[in-house]
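*Asks:* Attaching a single structure in structure tokens format; questions to follow.
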Amino acid sequence: MIANLDELLKIEGTVHIGDDLILLSDMSKLPIISEPRRSEHIIVALCLQGEAEFTVDTKERTVKPGDLIIIHKDRVTANFSFSENLQGMAMIWSKDYFDELVRDIKELNSLFLFSRMRSVVNLEPAEIKDVQTFCNLIKEKIEDTSNYFRDDIVQTLIMSLIYIVSNAIRRQQTTYPENFNRSHDAFFRFINLVEEHYKTERRVGWYAEQLKITPKYLSETIKAVSQRTPNEWIDNYVIREIRVQLRNSSRSIKEITEELHFPSQSFLGKFFKERTGMSPREYRNK
């Protein structure tokens with residue numbers, strides 16, 4: 001749907017904090033990629049004028065003024081087309097950056113998971129105004145490089161923006177009860193269980209037992225709803241926690257191993273390297 005990060009950073013009016021956060025205040029200058037592309041980041045964009053069409057994982061989506069687009073990491077977008085008068089703004093977050101912001105707020109995690117099934121959310125007039133206000137304020141603070149607390153201020157503003165977006169998602173969640181079929185219900189209950197128990201339980205059979213369904217049904221359901229297997233979801237939460245611990249704490253790898261109930265440091269190291277391409281020590285040093 002969009003170009004790579006290097007191309008984005010060259011656009012006039014674009015501001016950023018490393019590769020973790022990019023804000024584009026004028027979508028009309030966005031270099032559009034029409035061929036299928038797998039998103040490497042989380043993209044949140046607000047359409048203010050004009051219309052656009054695209055597909056997410058082969059599902060067609062139409063965007064009109066007041067619509068918020070949410071593209072999650074690993075989703076495949078393609079067939080993007082738009083009217084000449086398209087106007088809007090977009091924010092791009094790395095998955096690690098977003099996870100660290102909301103990792104202790106289960107309600108927000110669940111709401112953003114819901115948006116995986118509905119990547120276009122319609123905002124009310126007050127919400128549109130709020131999103132514009134916060135995006136402009138975030139841009140202003142990113143540019144204020146002389147402020148010692150710049151990153152903390154920006155994170156606080158983004159959290160407020162995420163709450164506004166999450167409220168809109170929650171409203172849509174309750175407005176469309178037909179989306180809550182048995183498969184989606186099983187998916188959300190599975191994710192809630194993973195959020196609570198991933199540090200100690202990583203067996204698909206254990207989660208199926210708690211949900212009172214068979215492991216086969218759980219695997220087929222989660223794959224159908226989210227395009228990921230239950231093991232991939234569990235591993236994602238474990239890897240995210242290891243990354244956070246390595247990046248934001250002085251805890252030893254031995255302590256992290258014990259907290260996450262790995263049988264040994266070497267087992268954790270192998271698990272981490274197979275999924276990230278680097279050892280825990282290499283990741284911490286980087």
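Just remember, in the structure tokens the first chain shown is A, the second B, etc., residues are 1-based per chain, and ligands are 1-based in the order shown.
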For stretch 19-30 of chain A, please output as a PyMOL selection string all residues within 8 Å (counting only C-alpha atoms; exclusion window: fewer than 6 positions along the same chain).

*Replies:* chain A and resi 2-3+5+8-9+11+13+85-94+96-97+135-136+139

*Asks:* Could you pull out the alpha helix (DSSP H) residues of stretch 97-215 of chain A from DSSP and send them as JSON, numbers by chain?

*Replies:* {"A": [97, 98, 99, 100, 101, 102, 106, 107, 108, 109, 110, 111, 112, 113, 114, 125, 126, 127, 128, 129, 130, 131, 132, 133, 134, 135, 136, 137, 138, 139, 140, 141, 142, 143, 150, 151, 152, 153, 154, 155, 156, 157, 158, 159, 160, 161, 162, 163, 164, 165, 166, 167, 168, 169, 170, 171, 172, 173, 174, 175, 182, 183, 184, 185, 186, 187, 188, 189, 190, 191, 192, 193, 194, 195, 196, 197, 204, 205, 206, 207, 208, 209, 210, 211, 215]}

*Asks:* Export C-alpha atoms of the chosen residues as a PDB file, in the first residue's frame?

*Replies:*
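As written to disk, selection07.pdb reads:
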```pdb
ATOM      1  CA  TYR A  97       6.910   0.524  19.676  1.00  0.00           C
ATOM      2  CA  PHE A  98       3.160  -0.134  19.715  1.00  0.00           C
ATOM      3  CA  ASP A  99       3.497  -3.232  21.899  1.00  0.00           C
ATOM      4  CA  GLU A 100       5.464  -1.332  24.511  1.00  0.00           C
ATOM      5  CA  LEU A 101       2.847   1.421  24.597  1.00  0.00           C
ATOM      6  CA  VAL A 102      -0.118  -0.877  25.209  1.00  0.00           C
ATOM      7  CA  LYS A 106      -5.416  -5.691  27.796  1.00  0.00           C
ATOM      8  CA  GLU A 107      -8.580  -3.856  26.741  1.00  0.00           C
ATOM      9  CA  LEU A 108      -6.688  -1.894  24.084  1.00  0.00           C
ATOM     10  CA  ASN A 109      -4.923  -5.010  22.837  1.00  0.00           C
ATOM     11  CA  SER A 110      -8.273  -6.755  22.385  1.00  0.00           C
ATOM     12  CA  LEU A 111      -9.811  -3.762  20.598  1.00  0.00           C
ATOM     13  CA  PHE A 112      -6.936  -3.510  18.146  1.00  0.00           C
ATOM     14  CA  LEU A 113      -7.231  -7.242  17.550  1.00  0.00           C
ATOM     15  CA  PHE A 114     -10.860  -6.638  16.592  1.00  0.00           C
ATOM     16  CA  PRO A 125     -17.099  14.379  13.763  1.00  0.00           C
ATOM     17  CA  ALA A 126     -15.714  14.952  17.283  1.00  0.00           C
ATOM     18  CA  GLU A 127     -13.348  11.985  16.899  1.00  0.00           C
ATOM     19  CA  ILE A 128     -12.102  13.268  13.536  1.00  0.00           C
ATOM     20  CA  LYS A 129     -11.323  16.621  15.141  1.00  0.00           C
ATOM     21  CA  ASP A 130      -9.551  14.932  18.055  1.00  0.00           C
ATOM     22  CA  VAL A 131      -7.401  12.756  15.776  1.00  0.00           C
ATOM     23  CA  GLN A 132      -6.385  15.803  13.722  1.00  0.00           C
ATOM     24  CA  THR A 133      -5.593  17.794  16.859  1.00  0.00           C
ATOM     25  CA  PHE A 134      -3.427  15.068  18.389  1.00  0.00           C
ATOM     26  CA  CYS A 135      -1.612  14.319  15.117  1.00  0.00           C
ATOM     27  CA  ASN A 136      -0.740  18.005  14.712  1.00  0.00           C
ATOM     28  CA  LEU A 137       0.402  18.200  18.340  1.00  0.00           C
ATOM     29  CA  ILE A 138       2.484  15.017  17.984  1.00  0.00           C
ATOM     30  CA  LYS A 139       4.131  16.465  14.860  1.00  0.00           C
ATOM     31  CA  GLU A 140       4.934  19.669  16.721  1.00  0.00           C
ATOM     32  CA  LYS A 141       6.497  17.795  19.659  1.00  0.00           C
ATOM     33  CA  ILE A 142       8.524  15.467  17.415  1.00  0.00           C
ATOM     34  CA  GLU A 143      10.041  18.557  15.807  1.00  0.00           C
ATOM     35  CA  ARG A 150      10.409  14.871  23.823  1.00  0.00           C
ATOM     36  CA  ASP A 151      10.069  11.085  23.464  1.00  0.00           C
ATOM     37  CA  ASP A 152       8.057  10.766  26.695  1.00  0.00           C
ATOM     38  CA  ILE A 153       5.733  13.612  25.703  1.00  0.00           C
ATOM     39  CA  VAL A 154       5.184  12.063  22.260  1.00  0.00           C
ATOM     40  CA  GLN A 155       4.423   8.647  23.789  1.00  0.00           C
ATOM     41  CA  THR A 156       1.882  10.217  26.155  1.00  0.00           C
ATOM     42  CA  LEU A 157       0.162  11.987  23.272  1.00  0.00           C
ATOM     43  CA  ILE A 158       0.100   8.796  21.201  1.00  0.00           C
ATOM     44  CA  MET A 159      -1.465   6.913  24.116  1.00  0.00           C
ATOM     45  CA  SER A 160      -4.247   9.517  24.204  1.00  0.00           C
ATOM     46  CA  LEU A 161      -4.697   9.109  20.459  1.00  0.00           C
ATOM     47  CA  ILE A 162      -4.850   5.328  20.829  1.00  0.00           C
ATOM     48  CA  TYR A 163      -7.617   5.695  23.434  1.00  0.00           C
ATOM     49  CA  ILE A 164      -9.622   7.853  21.020  1.00  0.00           C
ATOM     50  CA  VAL A 165      -9.183   5.318  18.224  1.00  0.00           C
ATOM     51  CA  SER A 166      -9.958   2.413  20.558  1.00  0.00           C
ATOM     52  CA  ASN A 167     -13.209   4.040  21.624  1.00  0.00           C
ATOM     53  CA  ALA A 168     -14.240   4.279  17.966  1.00  0.00           C
ATOM     54  CA  ILE A 169     -13.315   0.619  17.478  1.00  0.00           C
ATOM     55  CA  ARG A 170     -15.308  -0.340  20.567  1.00  0.00           C
ATOM     56  CA  ARG A 171     -18.362   1.529  19.251  1.00  0.00           C
ATOM     57  CA  GLN A 172     -18.152  -0.349  15.960  1.00  0.00           C
ATOM     58  CA  GLN A 173     -17.629  -3.588  17.869  1.00  0.00           C
ATOM     59  CA  THR A 174     -20.986  -3.139  19.596  1.00  0.00           C
ATOM     60  CA  THR A 175     -22.745  -1.729  16.505  1.00  0.00           C
ATOM     61  CA  ARG A 182     -18.543 -18.466  17.173  1.00  0.00           C
ATOM     62  CA  SER A 183     -15.167 -18.247  15.438  1.00  0.00           C
ATOM     63  CA  HIS A 184     -14.496 -14.639  16.404  1.00  0.00           C
ATOM     64  CA  ASP A 185     -15.641 -15.307  19.961  1.00  0.00           C
ATOM     65  CA  ALA A 186     -13.217 -18.225  20.243  1.00  0.00           C
ATOM     66  CA  PHE A 187     -10.425 -16.072  18.835  1.00  0.00           C
ATOM     67  CA  PHE A 188     -10.903 -13.257  21.362  1.00  0.00           C
ATOM     68  CA  ARG A 189     -11.227 -15.668  24.278  1.00  0.00           C
ATOM     69  CA  PHE A 190      -8.043 -17.415  23.128  1.00  0.00           C
ATOM     70  CA  ILE A 191      -6.131 -14.106  22.918  1.00  0.00           C
ATOM     71  CA  ASN A 192      -7.318 -13.069  26.375  1.00  0.00           C
ATOM     72  CA  LEU A 193      -6.078 -16.390  27.767  1.00  0.00           C
ATOM     73  CA  VAL A 194      -2.727 -15.993  26.016  1.00  0.00           C
ATOM     74  CA  GLU A 195      -2.296 -12.497  27.446  1.00  0.00           C
ATOM     75  CA  GLU A 196      -2.817 -13.888  30.943  1.00  0.00           C
ATOM     76  CA  HIS A 197      -0.849 -17.144  30.729  1.00  0.00           C
ATOM     77  CA  VAL A 204      -2.064 -25.290  22.321  1.00  0.00           C
ATOM     78  CA  GLY A 205      -3.741 -28.238  24.023  1.00  0.00           C
ATOM     79  CA  TRP A 206      -3.846 -26.376  27.346  1.00  0.00           C
ATOM     80  CA  TYR A 207      -5.636 -23.394  25.762  1.00  0.00           C
ATOM     81  CA  ALA A 208      -8.075 -25.672  23.945  1.00  0.00           C
ATOM     82  CA  GLU A 209      -8.861 -27.388  27.260  1.00  0.00           C
ATOM     83  CA  GLN A 210      -9.599 -24.042  28.944  1.00  0.00           C
ATOM     84  CA  LEU A 211     -11.898 -23.069  26.074  1.00  0.00           C
ATOM     85  CA  PRO A 215      -6.971 -28.520  19.739  1.00  0.00           C
TER      86      PRO A 215
END
```

*Asks:* Could you jot down the atom CA of A:Leu46 to atom CA of A:Gly18 separation for me, Å, one decimal place?

*Replies:*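 Interatomic distance, atom CA of A:Leu46 to atom CA of A:Gly18: 22.2 Å.
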